[in-house]
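**Q** Provided herewith is a single structure, encoded as C-alpha cells, for subsequent inquiry.
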Amino acid sequence: MNLPRTQLNQILESATARGAKSAEVLYEEEQGFEVTVRRGKIEDQGPHRSEILTVRIWDEEGREGEATGPMAMADHLLEVAQSSAITALPDAEGGPIGRLPAHTRGLGIDDRRYAQIEDQDRIDVALDDERAARAADRRVQTGPFVYRDGRTLRGLINTGGVIHEELSTRFRLTGDVAYAGSDIELKDEFASRAYAGVCSLPLGARMARAAKRFASAGQGQAVQGRVLLPPQITARLIALLAPGFTHEALSTGTSVWGKLGSERAMDPRVHVLDDGALSGAWNTWGFDDRGVPPVPLTLIKDGAVDRSFLTIAEARAQATRPSGHQTRDAVGPRNLLVRAGTRSIAAILSEIGGDAFEIEHVFDWSGVDLGTAELDLPIIGSMRTAKGKASPVRGLRLRGNLIAALGKVVDIAGDTDRWRHVDAPGILLDGLELVVAD
C-alpha cells in the first residue's frame, strides 16, 4: 500500500487554482479479510477494501467547505467543497493546521507480519473458536463467529506543508453463544492491533463456560451492600461516558462531566488519562484526521474533571494547541486509562471483611443515561468474598448514579483488563442498588 502523493498534491494545486486560499486532503485506504462461520461451516468469506478521500478548502475569508467520497470522484468532491464554503460563516482563524511533529513509527499499531498471514490461518481462527465453544458443553449453541482484519493506510497533506502518513492493522473476533433450555445469550469479542492478540486467546471456550454458569443462576433478591465492578465492566462504563469530555460539552454543561464543573464529585483516587499514542492500543494513531498529533490529557484528576478534547478551532480561540482527538465527523476519546490501585480484589475483600456483589455480565447497555450517568442495567452476578464467588443470581437490575457512586469508592484494585480502547481496574464501591427486575 502506497500513499498516492502525486494525485493528492494535484488536488491541492487544483483547489488553489480555483481560488481557494488553502486546502487539505485526508486519504484512507483499508484492505483486509473477513470470514463468518456457523456450526463448523464457513458461511461467508472474502477480502474487503475501502477507499475514502476527504477534501477541505478555505477561501480568503476563512470560510470552510468539506466533501468526502471515493478517490475516483476527487474533482467532484472539490466542487462540492467549494460550493459548501460559499454558505459557511467567515472565520479569520480558519485554515489547515501548521507543522506539528508527528511520530508515526514505533507506536506498535502495525503488525508487520500482516502480509504473511494466509487466508486459511484467518479462517481457522473463527472455526477453532466456534468449535471450542460447542465442545465445552453439549448444550452450548453457537451463533455466528466473525473474524475480520484490515490494514489501513492514512495520509494527510495540506497547503501549509504538512505531510503525514501511517500504516496500522486491526484484528477482531466476535462470537455469539446461547445455552439450550435457558434464555442466556451472550456476545463477546477480542480486539487487537496484532494477529496474535486474537488467534491465541480462547474466546469461544470462555463464552461457553460463562453461558453454562449463567444458565444455572437462581433468581436473585434485592441486595444491600457493596458492589464490585470488575475491570471489563468498569471499562465499558467509562467508554460509554467518555465522549462527553469535548470542550463544547464541558463549557456548555451538556454532558454529565460538564454539569459537574470543576468540583470534586468523585473519590480523589479516581484518575482517568487519555493517551492517543499508547503503544499497541486500539485507538492509537500518529495524527488525527486534521493532522494533529495526540496530546496526553488528564480527563479526571483526583476525582475532579480536569481537561477536555480540543479541536483546531477551539484551540486557536484559546491560543493553545489542539489535542489531536478529531475524526472526520466527530471529536472523541482515544485510549483511556483508569488508574489502578496496588492490591488484588481478593486482598481488598480479605482486609475489609464482609463480601460484595460482583457484576459479572450486563445484558443490555442501553440503560446508561449518557447525560446524567444514571444506571438501570439488567445484570447477572454473584456474591464474592476473599475466598471466591458464590453461585450466580439473575433477575436483578443495577441502579443508581455512577458519578455519585464513584464518590463512595471503598477501594480500587490492582487487577486490570482492557476492553477495546479502555484499560481499567476493578472498583469496589457503595451507592449503587441491586433491585429485583420488574
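Following the order of the C-alpha cells, chains are lettered A, B, ..., residues in each are numbered from 1, and ligands are numbered from 1.
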Just list as a short mmCIF file (atom, residue, chain, number, x, y, z; two decimals) with C-alpha atoms, in the first residue's frame whatever in stretch 231-350 of chain A DSSP marks as strand (DSSP E).

**A**
```
data_model
loop_
_atom_site.label_atom_id
_atom_site.label_comp_id
_atom_site.auth_asym_id
_atom_site.auth_seq_id
_atom_site.Cartn_x
_atom_site.Cartn_y
_atom_site.Cartn_z
CA VAL A 272 -8.57 8.93 34.10
CA LEU A 273 -5.99 9.61 31.40
CA ASP A 274 -6.48 9.77 27.63
CA LEU A 297 -4.83 14.51 28.60
CA THR A 298 -5.79 14.03 32.22
CA LEU A 299 -9.57 13.95 31.93
CA ILE A 300 -10.24 13.29 35.62
CA LYS A 301 -7.64 14.27 38.21
CA ALA A 304 -12.48 16.19 39.52
CA VAL A 305 -12.89 16.94 35.81
CA LEU A 336 -8.44 5.66 28.16
CA LEU A 337 -6.54 4.54 31.23
CA VAL A 338 -8.23 4.41 34.62
#
```

**Q** May I have the residues within 10 Å of A:Lys212 as an mmCIF file with N, CA and C atoms, in the first residue's frame, using only C-alpha atoms and disregarding those fewer than 3 positions away in the same chain?

**A**
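Here's the written file around.cif:
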```
data_model
loop_
_atom_site.group_PDB
_atom_site.id
_atom_site.type_symbol
_atom_site.label_atom_id
_atom_site.label_comp_id
_atom_site.auth_asym_id
_atom_site.auth_seq_id
_atom_site.Cartn_x
_atom_site.Cartn_y
_atom_site.Cartn_z
ATOM 1 N N ALA A 136 -17.178 -27.340 24.574
ATOM 2 C CA ALA A 136 -17.126 -27.119 26.019
ATOM 3 C C ALA A 136 -18.337 -27.688 26.737
ATOM 4 N N ASP A 137 -19.487 -27.716 26.048
ATOM 5 C CA ASP A 137 -20.711 -28.237 26.661
ATOM 6 C C ASP A 137 -21.708 -28.530 25.549
ATOM 7 N N ARG A 139 -24.776 -28.412 25.464
ATOM 8 C CA ARG A 139 -25.957 -27.561 25.417
ATOM 9 C C ARG A 139 -25.634 -26.150 24.895
ATOM 10 N N VAL A 140 -24.380 -25.908 24.624
ATOM 11 C CA VAL A 140 -23.989 -24.613 24.063
ATOM 12 C C VAL A 140 -24.372 -24.563 22.593
ATOM 13 N N ALA A 178 -25.374 -19.161 22.899
ATOM 14 C CA ALA A 178 -26.588 -19.325 23.701
ATOM 15 C C ALA A 178 -26.499 -20.665 24.424
ATOM 16 N N TYR A 179 -27.349 -20.836 25.452
ATOM 17 C CA TYR A 179 -27.354 -22.087 26.210
ATOM 18 C C TYR A 179 -28.746 -22.683 26.146
ATOM 19 N N ALA A 180 -28.844 -23.883 25.583
ATOM 20 C CA ALA A 180 -30.137 -24.538 25.371
ATOM 21 C C ALA A 180 -30.887 -24.717 26.683
ATOM 22 N N SER A 182 -32.376 -22.354 28.292
ATOM 23 C CA SER A 182 -32.374 -21.107 29.054
ATOM 24 C C SER A 182 -32.491 -19.946 28.073
ATOM 25 N N ILE A 184 -30.269 -17.526 28.116
ATOM 26 C CA ILE A 184 -28.945 -16.926 28.134
ATOM 27 C C ILE A 184 -28.401 -16.804 26.706
ATOM 28 N N MET A 207 -16.611 -18.003 26.484
ATOM 29 C CA MET A 207 -18.030 -17.676 26.389
ATOM 30 C C MET A 207 -18.895 -18.880 26.779
ATOM 31 N N ALA A 208 -18.480 -20.069 26.363
ATOM 32 C CA ALA A 208 -19.250 -21.266 26.692
ATOM 33 C C ALA A 208 -19.291 -21.505 28.195
ATOM 34 N N ARG A 209 -18.156 -21.343 28.859
ATOM 35 C CA ARG A 209 -18.122 -21.518 30.321
ATOM 36 C C ARG A 209 -19.028 -20.505 31.005
ATOM 37 N N ALA A 215 -26.507 -19.937 33.055
ATOM 38 C CA ALA A 215 -27.745 -20.701 32.890
ATOM 39 C C ALA A 215 -28.176 -21.362 34.195
ATOM 40 N N SER A 216 -27.217 -21.615 35.076
ATOM 41 C CA SER A 216 -27.532 -22.260 36.359
ATOM 42 C C SER A 216 -27.913 -21.252 37.436
ATOM 43 N N ALA A 217 -27.942 -19.980 37.071
ATOM 44 C CA ALA A 217 -28.209 -18.938 38.068
ATOM 45 C C ALA A 217 -29.627 -19.021 38.610
#
```

**Q** When you look at A:Thr68 with a cut-off of 8 Å (counting only C-alpha atoms), what residues show up, excluding the ones that are within fewer than 6 positions of it in the same chain? I need them as an MDAnalysis selection string.

**A** chainID A and resid 52:55 77

**Q** Take the residues from that selection and put them in a file with C-alpha atoms, as a compact mmCIF listing (two decimals), in the first residue's frame.

**A**
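File result08.txt, as written:
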```txt
# COMPACT_ATOMS: atom_id res chain seq x y z
CA ILE A 52 -12.13 7.37 1.30
CA LEU A 53 -10.94 10.85 0.40
CA THR A 54 -11.84 13.95 2.42
CA VAL A 55 -11.23 17.36 0.83
CA LEU A 77 -15.56 16.41 -4.23
```

**Q** Residues within 12 Å of A:Arg264, please, as a ChimeraX atom specification. Count only C-alpha atoms; anything in the same chain fewer than 6 positions from it doesn't count.

**A** /A:257,270-271,300-306,403-404,406-407

**Q** Could you list, as a PyMOL selection string, every residue within 8 Å of A:Leu78, counting only C-alpha atoms and ignoring same-chain residues fewer than 2 positions away?

**A** chain A and resi 11+15+55-56+67+74-76+80-82

**Q** Would you pick out the contacts of A:Asp149 at 6 Å or less, using only C-alpha atoms, so that residues sharing its chain but fewer than 3 positions from it are not included, and give the list as an NGL selection string?

**A** :A and (32-33 or 170-171)

**Q** For atom CA of A:Asp267 and atom CA of A:Ala390, determine how far apart the two atoms are, in Å to one decimal place.

**A**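 Pair atom CA of A:Asp267 / atom CA of A:Ala390 returns 29.0 Å.
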
**Q** Within 8 Å of stretch 343-360 of chain A, counting only C-alpha atoms, which residues qualify if same-chain residues fewer than 5 places away don't, as a compact mmCIF listing (two decimals) with N, CA and C atoms, in the first residue's frame?

**A**
```txt
# COMPACT_ATOMS: atom_id res chain seq x y z
N VAL A 223 -30.39 -6.80 46.81
CA VAL A 223 -29.13 -6.92 47.55
C VAL A 223 -28.73 -5.57 48.11
N GLY A 225 -25.71 -3.44 50.04
CA GLY A 225 -24.29 -3.52 50.35
C GLY A 225 -23.42 -3.08 49.20
N ARG A 226 -22.19 -3.47 49.29
CA ARG A 226 -21.21 -3.01 48.32
C ARG A 226 -21.32 -3.75 46.99
N VAL A 227 -20.93 -3.02 45.94
CA VAL A 227 -20.94 -3.57 44.59
C VAL A 227 -19.51 -3.58 44.07
N LEU A 228 -19.14 -4.67 43.42
CA LEU A 228 -17.83 -4.78 42.80
C LEU A 228 -17.98 -4.71 41.28
N LEU A 229 -17.39 -3.69 40.69
CA LEU A 229 -17.34 -3.59 39.24
C LEU A 229 -16.02 -4.20 38.79
N PRO A 230 -16.02 -5.35 38.13
CA PRO A 230 -14.77 -5.93 37.65
C PRO A 230 -14.20 -5.08 36.51
N ILE A 233 -16.29 -4.45 33.23
CA ILE A 233 -17.50 -3.64 33.44
C ILE A 233 -17.12 -2.18 33.65
N ILE A 379 -28.61 -7.25 34.89
CA ILE A 379 -27.30 -7.86 35.14
C ILE A 379 -27.43 -9.27 35.69
N ILE A 380 -26.31 -9.95 35.70
CA ILE A 380 -26.18 -11.22 36.40
C ILE A 380 -24.89 -11.12 37.20
N GLY A 381 -24.87 -11.71 38.38
CA GLY A 381 -23.67 -11.59 39.21
C GLY A 381 -23.73 -12.54 40.39
N SER A 382 -22.83 -12.34 41.31
CA SER A 382 -22.77 -13.24 42.47
C SER A 382 -22.08 -12.54 43.63
N MET A 383 -22.36 -13.05 44.82
CA MET A 383 -21.67 -12.55 46.00
C MET A 383 -20.23 -13.06 45.96
N ARG A 384 -19.32 -12.20 46.32
CA ARG A 384 -17.91 -12.59 46.31
C ARG A 384 -17.26 -12.24 47.63
N THR A 385 -16.46 -13.17 48.11
CA THR A 385 -15.67 -12.94 49.31
C THR A 385 -14.20 -13.11 48.95
N ALA A 386 -13.36 -13.00 49.95
CA ALA A 386 -11.93 -13.16 49.71
C ALA A 386 -11.61 -14.58 49.26
N LYS A 387 -12.51 -15.53 49.56
CA LYS A 387 -12.26 -16.93 49.21
C LYS A 387 -12.81 -17.33 47.85
N GLY A 388 -13.62 -16.48 47.22
CA GLY A 388 -14.14 -16.81 45.91
C GLY A 388 -15.57 -16.35 45.72
N ASP A 411 -12.46 0.95 47.53
CA ASP A 411 -11.07 0.75 47.10
C ASP A 411 -11.03 0.50 45.60
N ALA A 413 -8.84 -1.67 42.82
CA ALA A 413 -7.94 -2.83 42.79
C ALA A 413 -6.80 -2.65 41.80
N GLY A 414 -5.80 -3.51 41.97
CA GLY A 414 -4.70 -3.55 41.02
C GLY A 414 -4.99 -4.47 39.85
N ASP A 415 -6.07 -5.26 39.94
CA ASP A 415 -6.49 -6.14 38.85
C ASP A 415 -7.01 -5.27 37.70
N GLY A 426 -10.66 -3.14 38.64
CA GLY A 426 -11.87 -3.42 39.38
C GLY A 426 -12.07 -2.34 40.44
N LEU A 428 -14.41 -1.33 43.92
CA LEU A 428 -15.36 -1.69 44.97
C LEU A 428 -15.97 -0.40 45.49
```

**Q** Can you pull out every residue from stretch 107-339 of chain A that DSSP, working from the backbone, puts in alpha helix (DSSP H), and format the result as a ChimeraX atom specification?

**A** /A:119-136,196-199,203-215,231-241,247-252,256-260,312-317

**Q** Suppose we keep C-alpha atoms; can you now write the selection as an mmCIF file, in the first residue's frame?

**A**
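Result file follows (selection-v8.cif):
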```cif
data_model
loop_
_atom_site.group_PDB
_atom_site.id
_atom_site.type_symbol
_atom_site.label_atom_id
_atom_site.label_comp_id
_atom_site.auth_asym_id
_atom_site.auth_seq_id
_atom_site.Cartn_x
_atom_site.Cartn_y
_atom_site.Cartn_z
ATOM 1 C CA ASP A 119 -6.374 -16.720 4.431
ATOM 2 C CA GLN A 120 -6.600 -20.244 5.843
ATOM 3 C CA ASP A 121 -4.983 -19.003 9.070
ATOM 4 C CA ARG A 122 -7.708 -16.392 9.360
ATOM 5 C CA ILE A 123 -10.453 -18.909 8.678
ATOM 6 C CA ASP A 124 -9.005 -21.283 11.266
ATOM 7 C CA VAL A 125 -9.226 -18.614 13.979
ATOM 8 C CA ALA A 126 -13.001 -18.383 13.561
ATOM 9 C CA LEU A 127 -13.506 -22.113 13.053
ATOM 10 C CA ASP A 128 -11.391 -23.159 16.030
ATOM 11 C CA ASP A 129 -13.044 -20.728 18.433
ATOM 12 C CA GLU A 130 -16.554 -21.644 17.320
ATOM 13 C CA ARG A 131 -15.781 -25.365 17.660
ATOM 14 C CA ALA A 132 -14.215 -24.831 21.078
ATOM 15 C CA ALA A 133 -17.428 -23.193 22.272
ATOM 16 C CA ARG A 134 -19.545 -26.173 21.200
ATOM 17 C CA ALA A 135 -17.033 -28.679 22.558
ATOM 18 C CA ALA A 136 -17.126 -27.119 26.019
ATOM 19 C CA ALA A 196 -1.530 -12.927 17.956
ATOM 20 C CA GLY A 197 -3.966 -10.932 20.085
ATOM 21 C CA VAL A 198 -6.962 -12.735 18.598
ATOM 22 C CA CYS A 199 -5.597 -16.088 17.415
ATOM 23 C CA LEU A 203 -12.905 -16.577 23.116
ATOM 24 C CA GLY A 204 -15.288 -19.448 22.320
ATOM 25 C CA ALA A 205 -14.370 -21.586 25.318
ATOM 26 C CA ARG A 206 -14.577 -18.605 27.653
ATOM 27 C CA MET A 207 -18.030 -17.676 26.389
ATOM 28 C CA ALA A 208 -19.250 -21.266 26.692
ATOM 29 C CA ARG A 209 -18.122 -21.518 30.321
ATOM 30 C CA ALA A 210 -19.849 -18.229 31.114
ATOM 31 C CA ALA A 211 -23.073 -19.303 29.387
ATOM 32 C CA LYS A 212 -23.159 -22.562 31.354
ATOM 33 C CA ARG A 213 -22.517 -20.756 34.630
ATOM 34 C CA PHE A 214 -25.158 -18.114 33.962
ATOM 35 C CA ALA A 215 -27.745 -20.701 32.890
ATOM 36 C CA PRO A 231 -12.305 -4.423 35.135
ATOM 37 C CA GLN A 232 -14.343 -5.225 31.994
ATOM 38 C CA ILE A 233 -17.499 -3.640 33.436
ATOM 39 C CA THR A 234 -15.593 -0.560 34.635
ATOM 40 C CA ALA A 235 -14.060 -0.200 31.171
ATOM 41 C CA ARG A 236 -17.412 -0.411 29.377
ATOM 42 C CA LEU A 237 -18.975 2.235 31.635
ATOM 43 C CA ILE A 238 -16.081 4.647 31.156
ATOM 44 C CA ALA A 239 -16.128 4.054 27.385
ATOM 45 C CA LEU A 240 -19.808 4.991 27.200
ATOM 46 C CA LEU A 241 -19.407 8.253 29.111
ATOM 47 C CA HIS A 247 -14.678 21.204 25.096
ATOM 48 C CA GLU A 248 -18.145 22.138 23.857
ATOM 49 C CA ALA A 249 -19.870 19.659 26.175
ATOM 50 C CA LEU A 250 -17.877 20.801 29.216
ATOM 51 C CA SER A 251 -18.246 24.523 28.544
ATOM 52 C CA THR A 252 -21.999 24.328 27.888
ATOM 53 C CA VAL A 256 -22.564 14.706 32.652
ATOM 54 C CA TRP A 257 -18.971 15.906 33.045
ATOM 55 C CA GLY A 258 -19.894 19.454 32.038
ATOM 56 C CA LYS A 259 -22.609 19.555 34.686
ATOM 57 C CA LEU A 260 -20.016 18.772 37.370
ATOM 58 C CA ILE A 312 -8.220 23.157 15.978
ATOM 59 C CA ALA A 313 -10.792 25.973 16.097
ATOM 60 C CA GLU A 314 -11.263 25.696 19.870
ATOM 61 C CA ALA A 315 -7.506 25.633 20.445
ATOM 62 C CA ARG A 316 -6.961 28.727 18.285
ATOM 63 C CA ALA A 317 -9.613 30.580 20.256
#
```

**Q** For A:Glu34, which residue out of A:Leu173, A:Gly276, A:Leu201, A:Pro322 is the nearest one, using only C-alpha atoms?

**A**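 Checking each of A:Leu173, A:Gly276, A:Leu201, A:Pro322 against A:Glu34, counting only C-alpha atoms, the winner is A:Leu173.
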
**Q** Find the residue from A:Arg18, A:Lys408, A:Arg105, A:His421 that sits nearest to A:Met266; use only C-alpha atoms when measuring.

**A**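 Using only C-alpha atoms, A:Met266 sits closest to A:Lys408.
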
**Q** Using atom CA of A:Phe190 and atom CA of A:Glu28 as the two end points, give the distance in Å to one decimal.

**A**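 Separation between atom CA of A:Phe190 and atom CA of A:Glu28: 24.1 Å.
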
**Q** Out of A:Gly341, A:Gly150, A:Gly98, A:Pro392, which residue has the shortest atom-to-atom distance to A:Asp111 when counting only C-alpha atoms?

**A**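 Using only C-alpha atoms, A:Asp111 sits closest to A:Gly150.
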